[in-house]
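Novice: A single structure is presented below for examination.
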Amino acid sequence: MNNAQLNELKQRYVANGAASPATAFADRAENAQVWDADGNRFVDFAGGIGVLNIGHRHPKVVQAVKDQLDRVMHTCQTVMPYEGYVKVAEKLSQVTPVRGHAKVMLANSGAEALENAVKIARAATGKNNVICFDGGYHGRTFMTMAMNGKVAPYATDFGSMPGNVFRAPYPVPYHGVSEDEALRGLKMTLKTDANPRDTAAIVLEPVLGEGGFYPAPASFLKAIREICDEHGMLMIVDEVQSGFGRTGKLFAIEHSGVEPDIIAMAKSMADGMPISAVVGTDKHMDASGPNSLGGTYTGSPVSCAATLAVLEVFEQEGILEKSQALGDKLAKRFAQWQQTFDCVDNGRNMGAMAAFDLVADKANHTPDADLAGALCKRAREKGLILLSCGLYGNTIRFLMPVTIEDEVLEEGLDILEESLRELVGGQAAATA
């Protein structure tokens, strides 16, 4: 079927809230390129929203999945376990930087991982409250919607959210929130809303994902660790988007040297197969009773095979080094654009987790969400899949595979630059 036929089916049968606004349907893909149902080629700077750090259909992952399909597809691991689940648990325990000996539970999505992390924290501490941060994003289930630091579009239409979730400022100096102000706000939350004796955990992303790709300073993360230790709360780190090599480390928290109690992960851990994990200190992970964690599909044999293949690829193909090198290339191009365009500001990256902001006024950091939307639309028309994000909707983020070929990367960056020039012209940023 072609794009037109598939769009007709989408309009008739797919719920509006779940339907993609895109009109091109993916037909096949390879590394950082996608071809649609009409045969048009796209350079992919989205990577399935950070799921494809080692590229579409990495050959070793594809082979591992095919091999697993010839053996067993599903038993439900609580009914009859299988090697893949325990091997993934072993590997994640060895590589995840949590305190002490780590144990693991597997789930299906990032939101499930965060839901279970909160369940585990409540069981381990006997407390209920959870503190999250402005701009954070943790998922689309009810608990994670309550935890998100942005209302629209995630929670707008769905009524009351679960209670016992409280908010604190995230340090983004560019938007006027210093590290000191963020810590003062957190301490005020602990005084005015979430008494530490009733608070199970502080949950945060070491680099905001949907909130705009802003990294938390190492000193801020260390302060969170100290506050949690002081009050008997758990530190839960959400690495769903920042994990599995996006930042030049396997996990972004490694840049700080901080060891949290629990890390939630998903997205690029299986190169497109649905799986997530909660990895935490053994005494916390074992706090809840038998059969209290899990689900019918959690830790699918096929997804476990993909995860083990991904971890092998990281070991064998220098993925972390490639991530850092890609980030350096992007930073260099951002710096050029900031000189060329009045609207491009605040280029930033931690490894290949990179972004810049589009603004109407550099001096005042005035967000220009309309331009961000127009840029993504124009780039798509020219064959580049590009994503925006951020609390103000004006951040252009880069989530292309870190395995992207140099010539494909340059092609995509040139399309972006050409699209931006067509939209705003090429006035030098002499007044910035």
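To be explicit about the labels: the chains of the structure tokens are called A, B, and onward in the order shown, and within each one the residues are counted from 1, while ligands get numbers from 1 in the order they are shown.
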So which residues touch stretch 253-258 of chain A within 9 Å, counting only C-alpha atoms, skipping near sequence neighbours fewer than 4 positions away, as a VMD selection string?

Specialist: chain A and resid 97 to 98 205 to 207 217 to 219 221 to 222 225 237 239 242 to 243 247 to 249

Novice: Could you write out the selected residues, including all heavy atoms, as a compact mmCIF listing (two decimals), in the first residue's frame?

Specialist:
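Output contents, as saved in again22.txt:
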# COMPACT_ATOMS: atom_id res chain seq x y z
N PRO A 97 25.46 1.74 37.39
CA PRO A 97 26.15 2.34 38.53
C PRO A 97 25.23 2.70 39.70
O PRO A 97 25.10 3.87 40.07
CB PRO A 97 26.79 3.59 37.93
CG PRO A 97 25.84 4.00 36.86
CD PRO A 97 25.30 2.72 36.28
N VAL A 98 24.59 1.69 40.30
CA VAL A 98 23.82 1.92 41.52
C VAL A 98 24.65 1.47 42.71
O VAL A 98 25.66 0.77 42.56
CB VAL A 98 22.47 1.18 41.50
CG1 VAL A 98 21.58 1.72 40.39
CG2 VAL A 98 22.65 -0.32 41.36
N GLU A 205 15.66 13.16 36.02
CA GLU A 205 16.49 12.84 34.86
C GLU A 205 17.83 13.57 35.00
O GLU A 205 17.84 14.78 35.26
CB GLU A 205 15.80 13.32 33.59
CG GLU A 205 14.48 12.65 33.28
CD GLU A 205 13.71 13.40 32.22
OE1 GLU A 205 13.06 14.41 32.56
OE2 GLU A 205 13.76 12.99 31.05
N PRO A 206 18.95 12.87 34.80
CA PRO A 206 20.24 13.57 34.87
C PRO A 206 20.41 14.55 33.71
O PRO A 206 21.17 15.51 33.81
CB PRO A 206 21.26 12.43 34.81
CG PRO A 206 20.54 11.29 34.20
CD PRO A 206 19.10 11.43 34.60
N VAL A 207 19.72 14.30 32.61
CA VAL A 207 19.59 15.26 31.52
C VAL A 207 18.11 15.29 31.16
O VAL A 207 17.54 14.24 30.82
CB VAL A 207 20.40 14.86 30.27
CG1 VAL A 207 20.31 15.94 29.20
CG2 VAL A 207 21.86 14.58 30.63
N PRO A 217 23.88 19.83 36.72
CA PRO A 217 25.29 19.88 37.13
C PRO A 217 25.62 18.72 38.07
O PRO A 217 24.77 18.27 38.86
CB PRO A 217 25.40 21.22 37.86
CG PRO A 217 24.23 22.03 37.41
CD PRO A 217 23.14 21.04 37.10
N ALA A 218 26.85 18.25 37.99
CA ALA A 218 27.28 17.15 38.87
C ALA A 218 27.09 17.53 40.33
O ALA A 218 26.69 16.70 41.16
CB ALA A 218 28.73 16.80 38.59
N SER A 219 27.35 18.79 40.66
CA SER A 219 27.22 19.24 42.05
C SER A 219 25.77 19.17 42.52
O SER A 219 25.48 18.89 43.69
CB SER A 219 27.77 20.65 42.22
OG SER A 219 27.20 21.53 41.25
N LEU A 221 23.49 16.96 41.37
CA LEU A 221 23.21 15.54 41.57
C LEU A 221 23.82 15.03 42.87
O LEU A 221 23.20 14.23 43.59
CB LEU A 221 23.73 14.75 40.37
CG LEU A 221 23.04 15.06 39.04
CD1 LEU A 221 23.79 14.41 37.88
CD2 LEU A 221 21.59 14.62 39.05
N LYS A 222 25.01 15.51 43.20
CA LYS A 222 25.63 15.13 44.47
C LYS A 222 24.82 15.66 45.65
O LYS A 222 24.67 14.97 46.68
CB LYS A 222 27.07 15.64 44.53
CG LYS A 222 28.00 14.91 43.57
CD LYS A 222 29.38 15.54 43.50
CE LYS A 222 30.25 14.81 42.48
NZ LYS A 222 31.56 15.48 42.28
N ARG A 225 21.85 13.45 46.17
CA ARG A 225 22.29 12.23 46.85
C ARG A 225 22.42 12.47 48.35
O ARG A 225 21.97 11.64 49.16
CB ARG A 225 23.62 11.78 46.24
CG ARG A 225 24.32 10.57 46.87
CD ARG A 225 23.62 9.25 46.56
NE ARG A 225 22.52 8.98 47.47
CZ ARG A 225 21.75 7.91 47.40
NH1 ARG A 225 21.95 7.01 46.46
NH2 ARG A 225 20.77 7.72 48.27
N VAL A 237 16.93 7.60 39.41
CA VAL A 237 17.37 8.32 38.22
C VAL A 237 16.68 7.71 37.00
O VAL A 237 16.71 6.50 36.79
CB VAL A 237 18.91 8.26 38.09
CG1 VAL A 237 19.34 8.72 36.71
CG2 VAL A 237 19.55 9.13 39.16
N GLU A 239 16.83 7.19 33.30
CA GLU A 239 17.77 7.18 32.17
C GLU A 239 17.10 6.64 30.91
O GLU A 239 17.78 6.13 30.02
CB GLU A 239 18.99 6.32 32.53
CG GLU A 239 19.88 6.90 33.61
CD GLU A 239 21.05 7.70 33.06
OE1 GLU A 239 21.08 7.97 31.84
OE2 GLU A 239 21.94 8.05 33.87
N SER A 242 18.29 9.21 28.24
CA SER A 242 19.72 9.56 28.30
C SER A 242 20.63 8.35 28.40
O SER A 242 21.85 8.48 28.27
CB SER A 242 19.97 10.47 29.51
OG SER A 242 19.57 9.85 30.73
N GLY A 243 20.05 7.17 28.61
CA GLY A 243 20.86 5.97 28.81
C GLY A 243 21.30 5.30 27.52
O GLY A 243 20.99 5.73 26.41
N THR A 247 24.93 9.86 25.87
CA THR A 247 25.73 10.99 26.36
C THR A 247 27.24 10.73 26.33
O THR A 247 28.01 11.53 26.83
CB THR A 247 25.34 11.34 27.81
OG1 THR A 247 25.75 10.27 28.68
CG2 THR A 247 23.86 11.59 27.95
N GLY A 248 27.66 9.62 25.74
CA GLY A 248 29.08 9.28 25.73
C GLY A 248 29.48 8.37 26.87
O GLY A 248 30.62 7.89 26.91
N LYS A 249 28.58 8.14 27.80
CA LYS A 249 28.71 7.10 28.84
C LYS A 249 27.52 6.16 28.67
O LYS A 249 26.52 6.53 28.05
CB LYS A 249 28.68 7.71 30.25
CG LYS A 249 29.78 8.72 30.53
CD LYS A 249 31.10 8.04 30.87
CE LYS A 249 32.13 9.04 31.39
NZ LYS A 249 33.44 8.40 31.66

Novice: Would you pick out the contacts of A:Pro301 at 8 Å or less, using only C-alpha atoms, so that residues sharing its chain but fewer than 4 positions from it are not included, and give the list as an MDAnalysis selection string?

Specialist: chainID A and resid 68 72:74 82 84:85 305

Novice: How about saving the chosen residues, C-alpha atoms kept, as a PDB file, in the first residue's frame?

Specialist:
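Ended up saving to result-v9.pdb:
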ATOM      1  CA  GLN A  68      15.463 -16.444  19.376  1.00  0.00           C
ATOM      2  CA  VAL A  72      10.842 -19.642  22.151  1.00  0.00           C
ATOM      3  CA  MET A  73       8.811 -16.432  21.827  1.00  0.00           C
ATOM      4  CA  HIS A  74       6.864 -16.363  25.082  1.00  0.00           C
ATOM      5  CA  TYR A  82      14.274 -18.675  30.481  1.00  0.00           C
ATOM      6  CA  GLY A  84      17.580 -14.515  28.406  1.00  0.00           C
ATOM      7  CA  TYR A  85      15.895 -12.858  31.383  1.00  0.00           C
ATOM      8  CA  ALA A 305      17.926 -11.509  23.036  1.00  0.00           C
TER       9      ALA A 305
END

Novice: Neighbouring residues of A:Asn116 were defined as those with any atom within 9 Å, considering only C-alpha atoms; residues of the same chain fewer than 4 positions away were excluded. Please report them as a list in words.

Specialist: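 Non-adjacent residues within range: Met105, Ala107, Ala111, Glu112, Ile120, Ala121, Ala264, Val278, Leu293 and Gly294 of chain A.
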
Novice: Go ahead and write the selection's residues with N, CA, C and O atoms as a short mmCIF file (atom, residue, chain, number, x, y, z; two decimals), in the first residue's frame.

Specialist:
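Contents of result13.cif, as written:
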data_model
loop_
_atom_site.label_atom_id
_atom_site.label_comp_id
_atom_site.auth_asym_id
_atom_site.auth_seq_id
_atom_site.Cartn_x
_atom_site.Cartn_y
_atom_site.Cartn_z
N MET A 105 14.66 -5.96 37.65
CA MET A 105 13.39 -6.44 37.12
C MET A 105 13.20 -5.85 35.74
O MET A 105 13.61 -4.71 35.49
N ALA A 107 10.66 -4.83 32.43
CA ALA A 107 9.30 -4.46 32.07
C ALA A 107 9.27 -4.18 30.57
O ALA A 107 10.17 -4.61 29.83
N ALA A 111 7.69 4.08 30.90
CA ALA A 111 6.69 4.41 31.91
C ALA A 111 6.52 3.27 32.91
O ALA A 111 6.43 3.51 34.13
N GLU A 112 6.49 2.03 32.42
CA GLU A 112 6.39 0.89 33.34
C GLU A 112 7.59 0.83 34.28
O GLU A 112 7.44 0.48 35.46
N ILE A 120 8.72 0.08 44.13
CA ILE A 120 9.84 -0.48 44.90
C ILE A 120 10.29 0.49 45.98
O ILE A 120 10.56 0.08 47.13
N ALA A 121 10.36 1.76 45.66
CA ALA A 121 10.78 2.75 46.65
C ALA A 121 9.80 2.82 47.82
O ALA A 121 10.19 2.93 48.98
N ALA A 264 16.08 3.66 36.24
CA ALA A 264 15.11 3.15 35.28
C ALA A 264 15.64 3.40 33.88
O ALA A 264 16.19 4.46 33.58
N VAL A 278 14.28 -1.90 35.65
CA VAL A 278 14.56 -1.20 36.90
C VAL A 278 15.74 -1.92 37.53
O VAL A 278 15.68 -3.13 37.76
N LEU A 293 5.97 -7.86 41.51
CA LEU A 293 6.50 -7.11 40.37
C LEU A 293 6.43 -7.98 39.13
O LEU A 293 6.61 -9.19 39.20
N GLY A 294 6.16 -7.37 37.99
CA GLY A 294 6.17 -8.14 36.75
C GLY A 294 4.96 -7.87 35.90
O GLY A 294 4.26 -6.88 36.07
#

Novice: As a ChimeraX atom specification, please: the residues near A:Ala200 (cut-off 10 Å, only C-alpha atoms, same-chain neighbours under 2 positions excluded).

Specialist: /A:118-131,164,194,196-198,202-203,228,231-236

Novice: Within 10 Å of A:Lys377, counting only C-alpha atoms, which residues qualify if same-chain residues fewer than 5 places away don't, as number ranges by chain?

Specialist: A: 22, 371-372, 382, 384-387, 419

Novice: What does the file look like for those residues with N, CA, C and O atoms, as a PDB file, in the first residue's frame?

Specialist:
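So result_21.pdb came out as:
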ATOM      1  N   ALA A  22       2.316  12.752  10.935  1.00  0.00           N
ATOM      2  CA  ALA A  22       3.116  12.521   9.734  1.00  0.00           C
ATOM      3  C   ALA A  22       2.297  11.760   8.693  1.00  0.00           C
ATOM      4  O   ALA A  22       1.481  10.895   9.031  1.00  0.00           O
ATOM      5  N   LEU A 371       8.633  28.830  15.178  1.00  0.00           N
ATOM      6  CA  LEU A 371       9.744  28.590  14.262  1.00  0.00           C
ATOM      7  C   LEU A 371      10.234  27.145  14.377  1.00  0.00           C
ATOM      8  O   LEU A 371      10.573  26.512  13.380  1.00  0.00           O
ATOM      9  N   ALA A 372      10.267  26.621  15.600  1.00  0.00           N
ATOM     10  CA  ALA A 372      10.687  25.225  15.795  1.00  0.00           C
ATOM     11  C   ALA A 372       9.750  24.277  15.042  1.00  0.00           C
ATOM     12  O   ALA A 372      10.208  23.341  14.366  1.00  0.00           O
ATOM     13  N   LYS A 382      11.892  18.122   3.057  1.00  0.00           N
ATOM     14  CA  LYS A 382      13.150  17.981   2.331  1.00  0.00           C
ATOM     15  C   LYS A 382      13.842  16.646   2.600  1.00  0.00           C
ATOM     16  O   LYS A 382      14.964  16.425   2.142  1.00  0.00           O
ATOM     17  N   LEU A 384      14.306  15.108   5.900  1.00  0.00           N
ATOM     18  CA  LEU A 384      14.997  14.986   7.187  1.00  0.00           C
ATOM     19  C   LEU A 384      13.967  14.869   8.298  1.00  0.00           C
ATOM     20  O   LEU A 384      13.106  15.745   8.462  1.00  0.00           O
ATOM     21  N   ILE A 385      14.032  13.805   9.070  1.00  0.00           N
ATOM     22  CA  ILE A 385      13.148  13.627  10.222  1.00  0.00           C
ATOM     23  C   ILE A 385      13.800  14.308  11.415  1.00  0.00           C
ATOM     24  O   ILE A 385      14.890  13.930  11.856  1.00  0.00           O
ATOM     25  N   LEU A 386      13.143  15.330  11.945  1.00  0.00           N
ATOM     26  CA  LEU A 386      13.688  16.197  12.986  1.00  0.00           C
ATOM     27  C   LEU A 386      12.642  16.393  14.069  1.00  0.00           C
ATOM     28  O   LEU A 386      11.446  16.438  13.780  1.00  0.00           O
ATOM     29  N   LEU A 387      13.090  16.486  15.336  1.00  0.00           N
ATOM     30  CA  LEU A 387      12.174  16.622  16.461  1.00  0.00           C
ATOM     31  C   LEU A 387      12.448  17.895  17.255  1.00  0.00           C
ATOM     32  O   LEU A 387      13.607  18.286  17.445  1.00  0.00           O
ATOM     33  N   SER A 419      16.922  24.550   5.368  1.00  0.00           N
ATOM     34  CA  SER A 419      15.539  24.797   5.792  1.00  0.00           C
ATOM     35  C   SER A 419      15.449  26.045   6.659  1.00  0.00           C
ATOM     36  O   SER A 419      14.544  26.874   6.492  1.00  0.00           O
TER      37      SER A 419
END

Novice: Might you pull out every residue within 7 Å of stretch 332-338 of chain A, with only C-alpha atoms counted and same-chain residues fewer than 5 positions away left off, and present them as a list of chain:residue names?

Specialist: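 Here the answer would be A:Val344, A:Asp345, A:Gly347.
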
Novice: Put those residues in a file: C-alpha atoms, as a PDB file, in the first residue's frame.

Specialist:
ATOM      1  CA  VAL A 344      19.804  29.969  16.992  1.00  0.00           C
ATOM      2  CA  ASP A 345      20.963  30.076  20.600  1.00  0.00           C
ATOM      3  CA  GLY A 347      23.762  25.078  21.630  1.00  0.00           C
TER       4      GLY A 347
END

Novice: Name all residues at most 12 Å from A:Gly17 (count only C-alpha atoms; drop same-chain ones fewer than 5 positions away) and give them as a list in words.

Specialist: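 My reading of the contact set: Lys10, Gln11, Pro153, Tyr154, Ala155, Thr156, Asp157 and Phe158 of chain A.
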
Novice: Measuring atom to atom with only C-alpha atoms, identify which of A:Ala354, A:Ala26, A:Ile396, A:Cys304 is nearest to A:Asp67.

Specialist: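 Between A:Ala354, A:Ala26, A:Ile396, A:Cys304, the residue approaching A:Asp67 most closely is A:Cys304.
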
Novice: Smallest atom-to-atom distance to A:Pro401: which of A:Lys103, A:His365, A:His56, A:Lys91, using only C-alpha atoms?

Specialist: A:His56

Novice: Assign secondary structure with DSSP using the backbone only, and return the residues of stretch 160-386 of chain A in helix (DSSP H, G or I) as JSON, numbers by chain.

Specialist: {"A": [173, 174, 175, 179, 180, 181, 182, 183, 184, 185, 186, 187, 188, 189, 190, 191, 192, 196, 197, 198, 218, 219, 220, 221, 222, 223, 224, 225, 226, 227, 228, 229, 230, 231, 252, 253, 254, 255, 267, 268, 269, 282, 283, 284, 285, 301, 302, 303, 304, 305, 306, 307, 308, 309, 310, 311, 312, 313, 314, 315, 316, 317, 319, 320, 321, 322, 323, 324, 325, 326, 327, 328, 329, 330, 331, 332, 333, 334, 335, 336, 337, 338, 339, 340, 369, 370, 371, 372, 373, 374, 375, 376, 377, 378, 379, 380, 381]}

Novice: Restricting the calculation to only C-alpha atoms, which member of A:Glu321, A:Glu315, A:Asp229, A:Glu259 is positioned closest to A:Gly280?

Specialist: A:Glu259

Novice: Which residues in stretch 182-236 of chain A does DSSP call strand (DSSP E)? List them as a list in words.

Specialist: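 Strand (DSSP E) members of stretch 182-236 of chain A, listed: Thr199, Ala200, Ala201, Ile202, Val203, Leu204, Leu234, Met235 and Ile236 of chain A.
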
Novice: Find the residue from A:Lys267, A:Thr395, A:Ala15, A:Leu375 that sits nearest to A:Val359; use only C-alpha atoms when measuring.

Specialist: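 Of the candidates, the smallest distance to A:Val359 is held by A:Thr395.
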
Novice: My list of candidates is A:Leu106, A:Ala152, A:Ala168, A:Met147. Which is closest to A:Glu90 when distances are computed with only C-alpha atoms?

Specialist: A:Leu106

Novice: What separation in Å, quoted to one decimal, exists between atom CA of A:Ile224 and atom CA of A:Ser288?

Specialist: 24.8 Å

Novice: For A:Gly351, which of A:Val151, A:Ala379, A:Ile319, A:Ala363 is the closest residue, counting only C-alpha atoms?

Specialist: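 Of A:Val151, A:Ala379, A:Ile319, A:Ala363, the one nearest A:Gly351 is A:Ile319, counting only C-alpha atoms.
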
Novice: To one decimal place in Å, what is the distance between atom CA of A:Phe166 and atom CA of A:Ala369?

Specialist: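 Result for atom CA of A:Phe166 versus atom CA of A:Ala369: 27.5 Å, one decimal.
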